[in-house]
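Shown next: work.cif, given as mmCIF, C-alpha atoms.
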```cif
data_entry
loop_
_atom_site.label_atom_id
_atom_site.label_comp_id
_atom_site.auth_asym_id
_atom_site.auth_seq_id
_atom_site.Cartn_x
_atom_site.Cartn_y
_atom_site.Cartn_z
CA MET A 939 -51.88 -50.67 -95.63
CA LYS A 940 -48.64 -52.48 -96.47
CA LYS A 941 -48.01 -50.07 -99.35
CA LEU A 942 -48.54 -47.11 -97.01
CA LEU A 943 -46.12 -48.51 -94.45
CA LEU A 944 -43.58 -49.17 -97.19
CA LEU A 945 -43.94 -45.60 -98.47
CA ILE A 946 -43.48 -44.20 -94.96
CA ALA A 947 -40.37 -46.34 -94.50
CA VAL A 948 -38.92 -45.13 -97.80
CA LEU A 949 -39.63 -41.49 -96.98
CA PHE A 950 -38.13 -41.90 -93.51
CA THR A 951 -34.97 -43.42 -95.00
CA GLN A 952 -34.67 -40.61 -97.54
CA LEU A 953 -35.09 -37.98 -94.84
CA ALA A 954 -32.48 -39.67 -92.67
CA PHE A 955 -29.95 -39.70 -95.47
CA ALA A 956 -30.87 -36.15 -96.52
CA GLN A 957 -30.15 -34.69 -93.09
CA LYS A 958 -27.05 -32.54 -93.02
CA THR A 959 -24.92 -31.30 -90.17
CA TYR A 960 -23.75 -27.67 -90.20
CA ILE A 961 -20.69 -26.92 -88.07
CA GLN A 962 -20.37 -23.17 -87.53
CA CYS A 963 -16.69 -22.41 -86.86
CA GLY A 964 -15.47 -19.23 -85.19
CA LYS A 965 -12.00 -19.95 -86.58
CA LEU A 966 -10.92 -22.69 -88.93
CA ILE A 967 -7.43 -24.16 -89.32
CA ASP A 968 -7.87 -26.42 -92.34
CA GLY A 969 -4.48 -28.12 -92.19
CA MET A 970 -3.30 -26.62 -95.48
CA ALA A 971 -3.34 -22.82 -95.31
CA ASN A 972 -0.77 -20.91 -93.26
CA THR A 973 -3.44 -18.74 -91.66
CA ALA A 974 -6.75 -19.44 -89.95
CA GLN A 975 -10.08 -18.46 -91.52
CA SER A 976 -12.84 -16.73 -89.58
CA GLN A 977 -16.58 -17.48 -89.60
CA VAL A 978 -16.79 -20.61 -91.70
CA THR A 979 -19.44 -23.34 -91.89
CA LEU A 980 -18.64 -26.99 -92.60
CA ILE A 981 -21.43 -29.05 -94.12
CA ILE A 982 -21.40 -32.75 -93.27
CA GLU A 983 -23.45 -35.46 -94.94
CA GLY A 984 -23.07 -38.97 -93.61
CA ASN A 985 -19.37 -39.44 -92.81
CA LYS A 986 -17.94 -36.85 -95.21
CA ILE A 987 -17.44 -33.13 -95.61
CA THR A 988 -19.58 -32.12 -98.59
CA ASP A 989 -19.21 -28.34 -98.58
CA ILE A 990 -17.40 -25.45 -96.89
CA LYS A 991 -19.04 -22.02 -96.88
CA LYS A 992 -18.01 -18.56 -95.75
CA GLY A 993 -20.10 -17.15 -92.95
CA TYR A 994 -22.55 -18.96 -90.68
CA VAL A 995 -25.06 -21.15 -92.50
CA ALA A 996 -27.89 -22.94 -90.71
CA GLY A 997 -29.38 -25.17 -93.40
CA THR A 998 -33.05 -26.07 -93.55
CA ALA A 999 -35.57 -27.64 -91.22
CA GLY A 1000 -34.42 -31.05 -90.06
CA ASP A 1001 -30.74 -30.28 -90.45
CA LYS A 1002 -28.47 -30.29 -87.41
CA VAL A 1003 -26.49 -27.20 -86.41
CA ILE A 1004 -23.42 -27.40 -84.17
CA ASP A 1005 -22.41 -24.02 -82.78
CA LEU A 1006 -18.62 -23.74 -82.48
CA LYS A 1007 -18.53 -19.97 -83.03
CA ASN A 1008 -16.40 -19.47 -79.93
CA LYS A 1009 -13.90 -22.20 -80.85
CA THR A 1010 -11.04 -22.91 -83.22
CA VAL A 1011 -11.87 -25.87 -85.46
CA MET A 1012 -9.27 -28.19 -87.02
CA PRO A 1013 -8.99 -31.53 -88.79
CA GLY A 1014 -8.96 -34.57 -86.53
CA LEU A 1015 -5.45 -34.92 -85.16
CA ILE A 1016 -3.12 -37.79 -86.11
CA ASP A 1017 -0.53 -39.38 -83.83
CA CYS A 1018 1.94 -41.42 -85.90
CA HIS A 1019 3.48 -43.31 -82.99
CA VAL A 1020 1.43 -44.89 -80.21
CA HIS A 1021 1.25 -48.20 -78.34
CA LEU A 1022 -2.38 -48.70 -77.34
CA GLU A 1023 -1.84 -52.06 -75.66
CA SER A 1024 0.12 -50.72 -72.70
CA GLN A 1025 1.06 -47.83 -70.46
CA GLY A 1026 4.40 -47.53 -68.67
CA SER A 1027 4.55 -48.12 -64.93
CA LYS A 1028 6.77 -49.63 -62.23
CA THR A 1029 5.15 -53.00 -62.90
CA SER A 1030 5.41 -53.02 -66.71
CA ILE A 1031 8.05 -55.78 -66.90
CA VAL A 1032 6.12 -58.06 -64.54
CA GLU A 1033 2.88 -57.43 -66.42
CA GLY A 1034 4.52 -58.85 -69.53
CA PHE A 1035 4.42 -62.23 -67.76
CA THR A 1036 1.09 -61.94 -65.95
CA MET A 1037 -1.37 -60.27 -68.35
CA THR A 1038 -3.28 -62.35 -70.88
CA ASP A 1039 -4.35 -61.09 -74.30
CA ALA A 1040 -7.85 -60.60 -72.85
CA ASP A 1041 -6.43 -58.42 -70.07
CA ILE A 1042 -4.51 -56.40 -72.64
CA ALA A 1043 -7.59 -56.01 -74.85
CA TYR A 1044 -9.78 -54.56 -72.09
CA GLN A 1045 -7.02 -52.15 -71.15
CA ALA A 1046 -6.35 -51.17 -74.77
CA ALA A 1047 -10.01 -50.31 -75.32
CA ILE A 1048 -9.80 -47.79 -72.47
CA TYR A 1049 -6.63 -46.25 -73.89
CA ALA A 1050 -8.16 -46.04 -77.36
CA LYS A 1051 -11.17 -44.08 -76.11
CA ARG A 1052 -8.95 -41.81 -74.04
CA THR A 1053 -6.90 -41.05 -77.17
CA LEU A 1054 -9.99 -40.25 -79.22
CA MET A 1055 -11.34 -37.94 -76.51
CA ALA A 1056 -8.04 -36.04 -76.66
CA GLY A 1057 -8.80 -35.17 -80.29
CA PHE A 1058 -6.78 -37.84 -82.10
CA THR A 1059 -9.06 -39.42 -84.68
CA THR A 1060 -6.28 -41.44 -86.34
CA VAL A 1061 -3.24 -43.17 -84.86
CA ARG A 1062 -0.46 -45.43 -86.06
CA ASP A 1063 0.15 -48.15 -83.48
CA LEU A 1064 3.79 -49.20 -83.81
CA GLY A 1065 3.85 -52.51 -82.09
CA GLY A 1066 2.47 -54.71 -79.39
CA SER A 1067 1.50 -58.34 -78.97
CA GLY A 1068 -0.92 -58.34 -81.90
CA VAL A 1069 -3.98 -57.40 -79.83
CA ASN A 1070 -3.70 -54.02 -81.59
CA ILE A 1071 -4.90 -55.69 -84.81
CA SER A 1072 -8.05 -56.93 -83.05
CA LEU A 1073 -8.52 -53.49 -81.51
CA ARG A 1074 -8.33 -51.91 -84.97
CA LYS A 1075 -11.07 -54.26 -86.17
CA ALA A 1076 -13.24 -53.60 -83.11
CA VAL A 1077 -13.02 -49.82 -83.58
CA ALA A 1078 -13.77 -50.12 -87.31
CA LYS A 1079 -16.88 -52.20 -86.51
CA GLY A 1080 -18.03 -49.70 -83.90
CA LEU A 1081 -17.72 -52.19 -81.04
CA VAL A 1082 -15.51 -49.81 -79.04
CA ASP A 1083 -14.83 -46.09 -79.30
CA GLY A 1084 -11.40 -45.17 -80.51
CA PRO A 1085 -9.39 -43.51 -83.26
CA ARG A 1086 -8.92 -44.98 -86.71
CA ILE A 1087 -5.97 -47.35 -86.23
CA ILE A 1088 -3.15 -48.18 -88.61
CA THR A 1089 -1.11 -50.86 -86.90
CA ALA A 1090 2.21 -52.65 -87.17
CA GLY A 1091 0.98 -55.63 -85.21
CA ARG A 1092 4.21 -57.02 -83.75
CA ALA A 1093 7.40 -55.04 -84.40
CA ILE A 1094 10.62 -56.66 -85.68
CA SER A 1095 14.20 -56.43 -84.43
CA ALA A 1096 17.44 -58.39 -84.48
CA SER A 1097 18.38 -61.00 -81.87
CA GLY A 1098 19.28 -59.02 -78.77
CA GLY A 1099 17.47 -56.00 -80.21
CA HIS A 1100 14.73 -53.76 -78.89
CA MET A 1101 11.89 -56.19 -79.60
CA ASP A 1102 13.71 -59.30 -78.38
CA GLY A 1103 11.77 -59.98 -75.20
CA SER A 1104 14.37 -62.43 -73.94
CA VAL A 1105 17.07 -59.77 -73.53
CA GLY A 1106 18.23 -59.49 -69.93
CA PHE A 1107 16.90 -62.91 -68.89
CA ARG A 1108 18.75 -66.19 -68.46
CA ASP A 1109 18.90 -68.35 -71.56
CA ASP A 1110 16.45 -70.96 -70.25
CA ALA A 1111 13.88 -68.46 -68.95
CA PHE A 1112 11.60 -69.04 -71.94
CA ASN A 1113 10.30 -72.31 -73.31
CA HIS A 1114 11.25 -71.54 -76.91
CA LYS A 1115 13.85 -69.67 -78.88
CA PHE A 1116 12.59 -66.29 -80.12
CA GLY A 1117 12.38 -66.05 -83.91
CA PRO A 1118 10.47 -64.43 -86.80
CA ASP A 1119 7.17 -65.55 -85.28
CA ASP A 1120 7.99 -63.35 -82.25
CA GLY A 1121 9.37 -60.45 -84.27
CA VAL A 1122 13.02 -61.44 -83.83
CA ALA A 1123 14.88 -62.01 -87.11
CA ASP A 1124 18.43 -62.01 -88.46
CA GLY A 1125 19.54 -62.01 -92.09
CA ARG A 1126 17.52 -61.52 -95.27
CA ASP A 1127 15.60 -64.81 -95.19
CA GLU A 1128 14.37 -64.48 -91.60
CA LEU A 1129 13.47 -60.82 -92.08
CA ILE A 1130 11.51 -61.55 -95.24
CA LYS A 1131 9.61 -64.25 -93.34
CA ALA A 1132 8.97 -61.91 -90.40
CA VAL A 1133 7.48 -59.25 -92.70
CA ARG A 1134 5.29 -61.80 -94.45
CA LEU A 1135 4.03 -63.12 -91.12
CA GLN A 1136 2.99 -59.62 -90.03
CA PHE A 1137 1.18 -59.08 -93.32
CA LYS A 1138 -0.54 -62.46 -92.92
CA ARG A 1139 -1.75 -61.48 -89.45
CA GLY A 1140 -3.22 -58.21 -90.68
CA SER A 1141 -0.61 -55.50 -90.12
CA ASP A 1142 -1.04 -52.26 -92.08
CA VAL A 1143 2.58 -51.12 -91.69
CA ILE A 1144 5.89 -52.76 -90.77
CA LYS A 1145 7.89 -51.55 -87.76
CA ILE A 1146 11.55 -52.46 -87.31
CA ALA A 1147 14.32 -51.37 -84.95
CA SER A 1148 17.74 -50.60 -86.41
CA THR A 1149 19.17 -49.78 -82.97
CA GLY A 1150 18.54 -50.78 -79.40
CA GLY A 1151 16.08 -48.92 -77.21
CA VAL A 1152 15.58 -47.38 -73.81
CA LEU A 1153 12.89 -49.59 -72.29
CA ASP A 1154 14.56 -52.94 -72.91
CA LEU A 1155 17.15 -54.60 -70.68
CA SER A 1156 20.06 -54.36 -73.13
CA GLU A 1157 23.11 -52.34 -72.11
CA ASP A 1158 23.25 -50.10 -75.19
CA GLY A 1159 20.30 -48.34 -76.80
CA ALA A 1160 22.19 -46.55 -79.57
CA GLY A 1161 24.28 -49.10 -81.46
CA ALA A 1162 23.31 -50.17 -84.99
CA GLN A 1163 21.75 -53.64 -85.17
CA PHE A 1164 20.80 -54.27 -88.82
CA SER A 1165 22.93 -54.00 -91.95
CA ILE A 1166 21.73 -51.88 -94.87
CA ASP A 1167 21.15 -55.08 -96.84
CA GLU A 1168 18.93 -56.49 -94.08
CA ILE A 1169 16.89 -53.28 -93.95
CA LYS A 1170 16.51 -53.34 -97.74
CA ALA A 1171 15.14 -56.88 -97.47
CA VAL A 1172 12.45 -55.61 -95.09
CA VAL A 1173 11.60 -52.57 -97.22
CA GLU A 1174 11.46 -54.53 -100.50
CA THR A 1175 9.26 -57.25 -99.00
CA ALA A 1176 6.95 -54.72 -97.36
CA LYS A 1177 6.66 -52.85 -100.66
CA ASP A 1178 5.63 -56.07 -102.40
CA TYR A 1179 2.70 -56.24 -99.98
CA GLY A 1180 1.86 -52.54 -100.26
CA LEU A 1181 3.19 -51.69 -96.79
CA ARG A 1182 5.41 -48.86 -95.56
CA VAL A 1183 8.21 -49.27 -93.02
CA ALA A 1184 8.70 -47.30 -89.80
CA CYS A 1185 12.07 -47.63 -88.09
CA HIS A 1186 12.83 -47.17 -84.40
CA ALA A 1187 16.36 -45.73 -84.24
CA HIS A 1188 18.34 -43.76 -81.67
CA GLY A 1189 21.98 -43.88 -82.80
CA ALA A 1190 23.35 -42.01 -85.81
CA GLU A 1191 24.72 -45.08 -87.62
CA GLY A 1192 21.49 -47.02 -87.24
CA ILE A 1193 19.59 -44.00 -88.55
CA ARG A 1194 21.93 -43.70 -91.54
CA ARG A 1195 21.52 -47.36 -92.45
CA ALA A 1196 17.75 -47.17 -92.13
CA ILE A 1197 17.49 -44.16 -94.44
CA LEU A 1198 19.79 -45.77 -97.02
CA GLY A 1199 17.76 -48.96 -96.69
CA GLY A 1200 14.63 -47.09 -97.75
CA VAL A 1201 12.45 -46.86 -94.63
CA THR A 1202 9.53 -44.43 -94.72
CA SER A 1203 10.14 -42.88 -91.31
CA ILE A 1204 12.67 -42.65 -88.51
CA GLU A 1205 11.11 -42.89 -85.03
CA HIS A 1206 12.79 -41.05 -82.10
CA GLY A 1207 16.05 -40.25 -83.97
CA THR A 1208 17.72 -39.20 -80.72
CA PHE A 1209 21.32 -38.90 -81.90
CA MET A 1210 20.60 -38.03 -85.54
CA ASN A 1211 23.55 -36.05 -86.89
CA GLU A 1212 23.92 -33.60 -89.77
CA GLU A 1213 24.78 -36.39 -92.24
CA ASP A 1214 21.60 -38.24 -91.26
CA MET A 1215 19.55 -35.07 -91.68
CA GLU A 1216 20.92 -34.44 -95.16
CA LEU A 1217 20.22 -38.05 -96.10
CA ALA A 1218 16.66 -37.79 -94.76
CA LYS A 1219 16.10 -34.72 -96.93
CA LYS A 1220 17.63 -36.42 -99.97
CA TYR A 1221 15.52 -39.57 -99.60
CA GLY A 1222 12.35 -37.83 -98.41
CA THR A 1223 12.39 -39.78 -95.15
CA TYR A 1224 10.03 -38.56 -92.45
CA TYR A 1225 11.16 -37.95 -88.88
CA VAL A 1226 8.75 -38.72 -86.01
CA PRO A 1227 10.42 -37.26 -82.88
CA THR A 1228 8.37 -38.42 -79.82
CA ILE A 1229 9.75 -35.65 -77.58
CA ILE A 1230 7.23 -36.28 -74.82
CA ALA A 1231 8.35 -39.90 -74.49
CA GLY A 1232 11.95 -38.79 -73.98
CA LYS A 1233 10.96 -36.29 -71.31
CA SER A 1234 8.66 -38.81 -69.62
CA VAL A 1235 11.25 -41.60 -69.29
CA ALA A 1236 13.87 -39.12 -68.06
CA ASP A 1237 11.43 -37.93 -65.37
CA SER A 1238 10.51 -41.49 -64.37
CA ALA A 1239 14.18 -42.47 -64.17
CA GLN A 1240 14.58 -40.04 -61.29
CA ILE A 1241 11.97 -41.93 -59.24
CA LYS A 1242 13.79 -44.57 -57.19
CA GLY A 1243 12.79 -48.06 -58.28
CA PHE A 1244 10.62 -46.99 -61.21
CA PHE A 1245 13.01 -48.61 -63.72
CA PRO A 1246 15.71 -51.26 -63.39
CA PRO A 1247 19.13 -49.52 -63.22
CA VAL A 1248 20.08 -50.31 -66.84
CA ILE A 1249 16.88 -48.71 -68.16
CA ALA A 1250 17.15 -45.72 -65.82
CA ARG A 1251 20.68 -45.01 -67.10
CA LYS A 1252 19.62 -45.13 -70.75
CA ALA A 1253 16.55 -43.00 -70.03
CA MET A 1254 18.74 -40.25 -68.60
CA GLU A 1255 21.09 -40.45 -71.60
CA VAL A 1256 18.44 -40.51 -74.32
CA GLY A 1257 15.43 -38.68 -72.91
CA PRO A 1258 16.78 -35.13 -72.60
CA GLN A 1259 18.34 -35.20 -76.08
CA ILE A 1260 15.29 -35.76 -78.31
CA GLN A 1261 13.91 -32.20 -78.12
CA THR A 1262 17.29 -30.72 -79.06
CA THR A 1263 17.65 -33.09 -82.02
CA PHE A 1264 14.12 -32.24 -83.14
CA GLY A 1265 14.90 -28.52 -83.14
CA LYS A 1266 17.99 -29.09 -85.31
CA ALA A 1267 16.13 -31.38 -87.71
CA TYR A 1268 13.31 -28.89 -88.14
CA LYS A 1269 15.72 -26.04 -88.87
CA ALA A 1270 17.61 -28.28 -91.30
CA GLY A 1271 14.41 -28.88 -93.30
CA VAL A 1272 13.77 -32.55 -92.50
CA LYS A 1273 10.16 -33.64 -93.07
CA ILE A 1274 8.46 -34.03 -89.70
CA ALA A 1275 5.27 -35.84 -88.72
CA PHE A 1276 3.68 -35.72 -85.27
CA GLY A 1277 4.20 -38.75 -83.04
CA THR A 1278 4.45 -39.22 -79.30
CA ASP A 1279 5.12 -42.87 -78.32
CA ALA A 1280 1.96 -42.80 -76.21
CA GLY A 1281 2.05 -45.77 -73.89
CA VAL A 1282 5.55 -44.86 -72.76
CA TYR A 1283 3.72 -42.01 -70.99
CA ALA A 1284 0.02 -41.78 -70.07
CA HIS A 1285 -2.45 -42.08 -72.94
CA GLY A 1286 -4.59 -39.02 -73.57
CA LYS A 1287 -1.78 -36.54 -72.97
CA ASN A 1288 -0.59 -36.74 -76.60
CA ALA A 1289 -1.15 -33.02 -77.25
CA MET A 1290 1.67 -32.06 -74.87
CA GLU A 1291 3.96 -32.86 -77.80
CA PHE A 1292 2.76 -29.66 -79.53
CA GLN A 1293 4.15 -27.56 -76.69
CA TYR A 1294 7.54 -29.28 -76.85
CA MET A 1295 7.73 -28.88 -80.63
CA VAL A 1296 7.01 -25.16 -80.37
CA GLU A 1297 9.53 -24.75 -77.54
CA ALA A 1298 12.17 -26.22 -79.88
CA GLY A 1299 11.47 -23.67 -82.61
CA MET A 1300 8.59 -24.97 -84.72
CA PRO A 1301 5.81 -22.37 -85.23
CA PRO A 1302 2.37 -23.42 -83.88
CA MET A 1303 0.81 -23.67 -87.35
CA GLU A 1304 3.63 -25.95 -88.52
CA ALA A 1305 3.19 -28.12 -85.44
CA ILE A 1306 -0.54 -28.49 -86.17
CA LYS A 1307 0.22 -29.34 -89.81
CA ALA A 1308 2.67 -31.99 -88.58
CA ALA A 1309 -0.31 -33.66 -86.87
CA THR A 1310 -2.68 -33.25 -89.82
CA THR A 1311 -1.51 -32.94 -93.43
CA SER A 1312 2.07 -34.14 -92.86
CA ALA A 1313 0.97 -37.05 -90.70
CA ALA A 1314 -1.63 -38.08 -93.28
CA ASP A 1315 1.04 -37.94 -95.97
CA LEU A 1316 3.36 -40.18 -93.96
CA LEU A 1317 0.58 -42.71 -93.40
CA GLY A 1318 -0.61 -42.59 -97.01
CA ILE A 1319 -4.14 -41.49 -96.12
CA THR A 1320 -4.30 -37.96 -97.58
CA ALA A 1321 -7.27 -38.97 -99.75
CA LYS A 1322 -9.22 -39.82 -96.61
CA THR A 1323 -8.22 -37.40 -93.86
CA GLY A 1324 -5.64 -34.89 -92.63
CA SER A 1325 -7.32 -31.67 -93.75
CA ILE A 1326 -10.71 -29.97 -93.81
CA THR A 1327 -11.44 -30.57 -97.48
CA VAL A 1328 -14.60 -31.34 -99.43
CA GLY A 1329 -14.83 -35.08 -100.01
CA LYS A 1330 -12.71 -36.13 -97.03
CA MET A 1331 -13.89 -37.89 -93.91
CA ALA A 1332 -15.62 -35.65 -91.41
CA ASP A 1333 -12.85 -35.87 -88.81
CA VAL A 1334 -13.18 -32.57 -86.95
CA VAL A 1335 -11.95 -31.33 -83.56
CA ALA A 1336 -12.14 -27.99 -81.78
CA VAL A 1337 -10.51 -26.12 -78.92
CA GLU A 1338 -11.51 -22.99 -77.05
CA GLY A 1339 -9.21 -20.07 -77.78
CA ASP A 1340 -6.48 -19.68 -80.37
CA PRO A 1341 -3.72 -22.33 -80.42
CA LEU A 1342 -1.70 -20.15 -82.79
CA THR A 1343 -1.11 -17.73 -79.92
CA ASP A 1344 -1.05 -20.31 -77.11
CA ILE A 1345 -0.20 -23.83 -78.26
CA LYS A 1346 -0.97 -25.24 -74.80
CA ILE A 1347 -4.65 -24.87 -75.72
CA MET A 1348 -4.24 -28.03 -77.84
CA ARG A 1349 -4.27 -30.02 -74.60
CA ASN A 1350 -7.94 -29.15 -74.02
CA VAL A 1351 -9.94 -30.42 -76.98
CA SER A 1352 -13.63 -29.76 -76.32
CA PHE A 1353 -15.21 -31.17 -79.49
CA VAL A 1354 -14.47 -34.42 -81.32
CA MET A 1355 -16.13 -35.75 -84.46
CA LYS A 1356 -14.88 -38.83 -86.30
CA GLU A 1357 -16.43 -39.79 -89.64
CA GLY A 1358 -19.43 -37.57 -88.97
CA LYS A 1359 -20.20 -38.96 -85.51
CA VAL A 1360 -19.84 -36.65 -82.49
CA TYR A 1361 -17.96 -38.28 -79.61
CA LYS A 1362 -17.34 -35.21 -77.45
CA MET A 1363 -19.08 -31.84 -77.25
#
```
As structure tokens:
Amino acid sequence: MKKLLLLIAVLFTQLAFAQKTYIQCGKLIDGMANTAQSQVTLIIEGNKITDIKKGYVAGTAGDKVIDLKNKTVMPGLIDCHVHLESQGSKTSIVEGFTMTDADIAYQAAIYAKRTLMAGFTTVRDLGGSGVNISLRKAVAKGLVDGPRIITAGRAISASGGHMDGSVGFRDDAFNHKFGPDDGVADGRDELIKAVRLQFKRGSDVIKIASTGGVLDLSEDGAGAQFSIDEIKAVVETAKDYGLRVACHAHGAEGIRRAILGGVTSIEHGTFMNEEDMELAKKYGTYYVPTIIAGKSVADSAQIKGFFPPVIARKAMEVGPQIQTTFGKAYKAGVKIAFGTDAGVYAHGKNAMEFQYMVEAGMPPMEAIKAATTSAADLLGITAKTGSITVGKMADVVAVEGDPLTDIKIMRNVSFVMKEGKVYKM
């Protein structure tokens, strides 16, 4: 009897592993070709794509068939700039003093699921309190639903910079001086320590700010705040640990220094000039524009009391400019990866960025590639995801209609699969 039960268990296990999923695609944008394919079937085994066939294939008895014949199928989308721990509101500054890490974690789990349901199966979280590292682990273990997360943990800036949480407050408002442990560092030695601390805590990427920002209480969001030598110290240390460096930068000089310092990507790039664009092309630096964040803060700045006056002023100066800069950078040939700064605006609306990219002159197919193959290249995960390719993770999304003729369709993802598991259908 025991032998029979053992045999049944073995056969059941073999059948479970043998089951395949056949996704029948009306149209397929694979993330690589410049045109969509018609009537294609993806074959999924476990968490990977194992075959791609022309026409509609149904498999054999016991296999699962997913009918997406009336949809356009694409690789899981990638957002290279999010902040899953928070979401901008009138009370954001106060919440920084009232919310515990547990509060942040519960909130972040909701935002992570919302992002996944919008079709984004991978994100790069560019800074929070460090809860984002725990969230990454929870998603990887299957404890909460969310996208695959590559995270910077806590971002790094100079004293008085974008990540210095004491800016705008009286000197004795905090019970300690902010330093590398808080992501505030000056000079080579402190910056090296700050990078090493982030690696120690589990960060996958390093995020720095070479200029000020909009949503801090400093007077100027555009001025350069690190020397080239300081940025090189960050990049060299990160490289030693196998990490890439993303750089928040608005002003032209801060962008120039960051590119010369060797960062992997420029985030926002609001006042990037022609010299910066040529340098980005020369060094192969990616540009992650976050147009939607600029538009969102500019809109919020017009609501009385939404922001303190200093932030409202900067939002009106910076916000409307990003889309124009993006259009120039695209035409100049700068490498572009999709990123939105989700958290500055409401999570789950990430796909609105596609519309703004197309409005600025990028063709729909190029915009989709920016969120698939280009984004995967920036993050160093092309072997895992970013295209519909045999051997890659089964990250698959679908929309009704043709986004190549109406890019707004990207805002209504109706099917989401991550690593072979269906989350939305």
Using all atoms listed in the file, can you tell me which of A:Thr1343, A:Gln962, A:Ser1072, A:Gln1045 comes closest to Lys1007 (chain A)? A:Gln962
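Within 8 Å of Gln1259 (chain A), once only C-alpha atoms are used and residues closer than 2 positions along the same chain are dropped, the contacting residues are Thr1208, Phe1209, Gly1232, Glu1255, Val1256, Gly1257, Gln1261, Thr1262 and Thr1263 of chain A.
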Which neighbours of Glu1033 (chain A) fall inside 10 Å, counting all atoms listed in the file, when residues of the same chain fewer than 6 positions from it are skipped, and could you give them as a PDB file with C-alpha atoms, keeping the file's coordinate frame?
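Output file part08.pdb follows:
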```
ATOM      1  CA  SER A1024       0.120 -50.720 -72.700  1.00  0.00           C
ATOM      2  CA  SER A1027       4.550 -48.120 -64.930  1.00  0.00           C
ATOM      3  CA  ILE A1042      -4.510 -56.400 -72.640  1.00  0.00           C
TER       4      ILE A1042
END
```
For the file shown, what are the residues hit by the PyMOL selection byres ((chain A and resi 1125-1136) around 12), laid out as a PyMOL selection string? chain A and resi 1065-1068+1071+1089-1097+1116-1124+1137-1147+1163-1183
Kindly export the residues of the current selection with C-alpha atoms, as a CSV table (one decimal), in the frame of the given file.
```csv
chain,number,residue,atom,x,y,z
A,1065,GLY,CA,3.8,-52.5,-82.1
A,1066,GLY,CA,2.5,-54.7,-79.4
A,1067,SER,CA,1.5,-58.3,-79.0
A,1068,GLY,CA,-0.9,-58.3,-81.9
A,1071,ILE,CA,-4.9,-55.7,-84.8
A,1089,THR,CA,-1.1,-50.9,-86.9
A,1090,ALA,CA,2.2,-52.6,-87.2
A,1091,GLY,CA,1.0,-55.6,-85.2
A,1092,ARG,CA,4.2,-57.0,-83.8
A,1093,ALA,CA,7.4,-55.0,-84.4
A,1094,ILE,CA,10.6,-56.7,-85.7
A,1095,SER,CA,14.2,-56.4,-84.4
A,1096,ALA,CA,17.4,-58.4,-84.5
A,1097,SER,CA,18.4,-61.0,-81.9
A,1116,PHE,CA,12.6,-66.3,-80.1
A,1117,GLY,CA,12.4,-66.0,-83.9
A,1118,PRO,CA,10.5,-64.4,-86.8
A,1119,ASP,CA,7.2,-65.6,-85.3
A,1120,ASP,CA,8.0,-63.4,-82.2
A,1121,GLY,CA,9.4,-60.4,-84.3
A,1122,VAL,CA,13.0,-61.4,-83.8
A,1123,ALA,CA,14.9,-62.0,-87.1
A,1124,ASP,CA,18.4,-62.0,-88.5
A,1137,PHE,CA,1.2,-59.1,-93.3
A,1138,LYS,CA,-0.5,-62.5,-92.9
A,1139,ARG,CA,-1.8,-61.5,-89.4
A,1140,GLY,CA,-3.2,-58.2,-90.7
A,1141,SER,CA,-0.6,-55.5,-90.1
A,1142,ASP,CA,-1.0,-52.3,-92.1
A,1143,VAL,CA,2.6,-51.1,-91.7
A,1144,ILE,CA,5.9,-52.8,-90.8
A,1145,LYS,CA,7.9,-51.6,-87.8
A,1146,ILE,CA,11.6,-52.5,-87.3
A,1147,ALA,CA,14.3,-51.4,-85.0
A,1163,GLN,CA,21.8,-53.6,-85.2
A,1164,PHE,CA,20.8,-54.3,-88.8
A,1165,SER,CA,22.9,-54.0,-92.0
A,1166,ILE,CA,21.7,-51.9,-94.9
A,1167,ASP,CA,21.2,-55.1,-96.8
A,1168,GLU,CA,18.9,-56.5,-94.1
A,1169,ILE,CA,16.9,-53.3,-94.0
A,1170,LYS,CA,16.5,-53.3,-97.7
A,1171,ALA,CA,15.1,-56.9,-97.5
A,1172,VAL,CA,12.4,-55.6,-95.1
A,1173,VAL,CA,11.6,-52.6,-97.2
A,1174,GLU,CA,11.5,-54.5,-100.5
A,1175,THR,CA,9.3,-57.2,-99.0
A,1176,ALA,CA,7.0,-54.7,-97.4
A,1177,LYS,CA,6.7,-52.8,-100.7
A,1178,ASP,CA,5.6,-56.1,-102.4
A,1179,TYR,CA,2.7,-56.2,-100.0
A,1180,GLY,CA,1.9,-52.5,-100.3
A,1181,LEU,CA,3.2,-51.7,-96.8
A,1182,ARG,CA,5.4,-48.9,-95.6
A,1183,VAL,CA,8.2,-49.3,-93.0
```
Residues picked by the PyMOL selection byres ((chain A and resi 1013-1021) around 7) here, as a PyMOL selection string? chain A and resi 968-969+1012+1022-1024+1057-1066+1276-1281+1309-1310+1313+1324-1326+1333-1335
Would you mind listing what lies within 8 Å of Met1300 (chain A) as a short mmCIF file (atom, residue, chain, number, x, y, z; two decimals) with C-alpha atoms, in the coordinates of the input, with all atoms listed in the file counted and same-chain residues fewer than 4 positions away left out?
```
data_model
loop_
_atom_site.label_atom_id
_atom_site.label_comp_id
_atom_site.auth_asym_id
_atom_site.auth_seq_id
_atom_site.Cartn_x
_atom_site.Cartn_y
_atom_site.Cartn_z
CA GLY A 1265 14.90 -28.52 -83.14
CA TYR A 1268 13.31 -28.89 -88.14
CA MET A 1295 7.73 -28.88 -80.63
CA VAL A 1296 7.01 -25.16 -80.37
CA GLU A 1304 3.63 -25.95 -88.52
CA ALA A 1305 3.19 -28.12 -85.44
#
```
Across A:Leu1316, A:Cys1185, A:Met1363, A:Ile1306, the smallest distance to Tyr1224 (chain A), with only C-alpha atoms counted, is shown by A:Leu1316
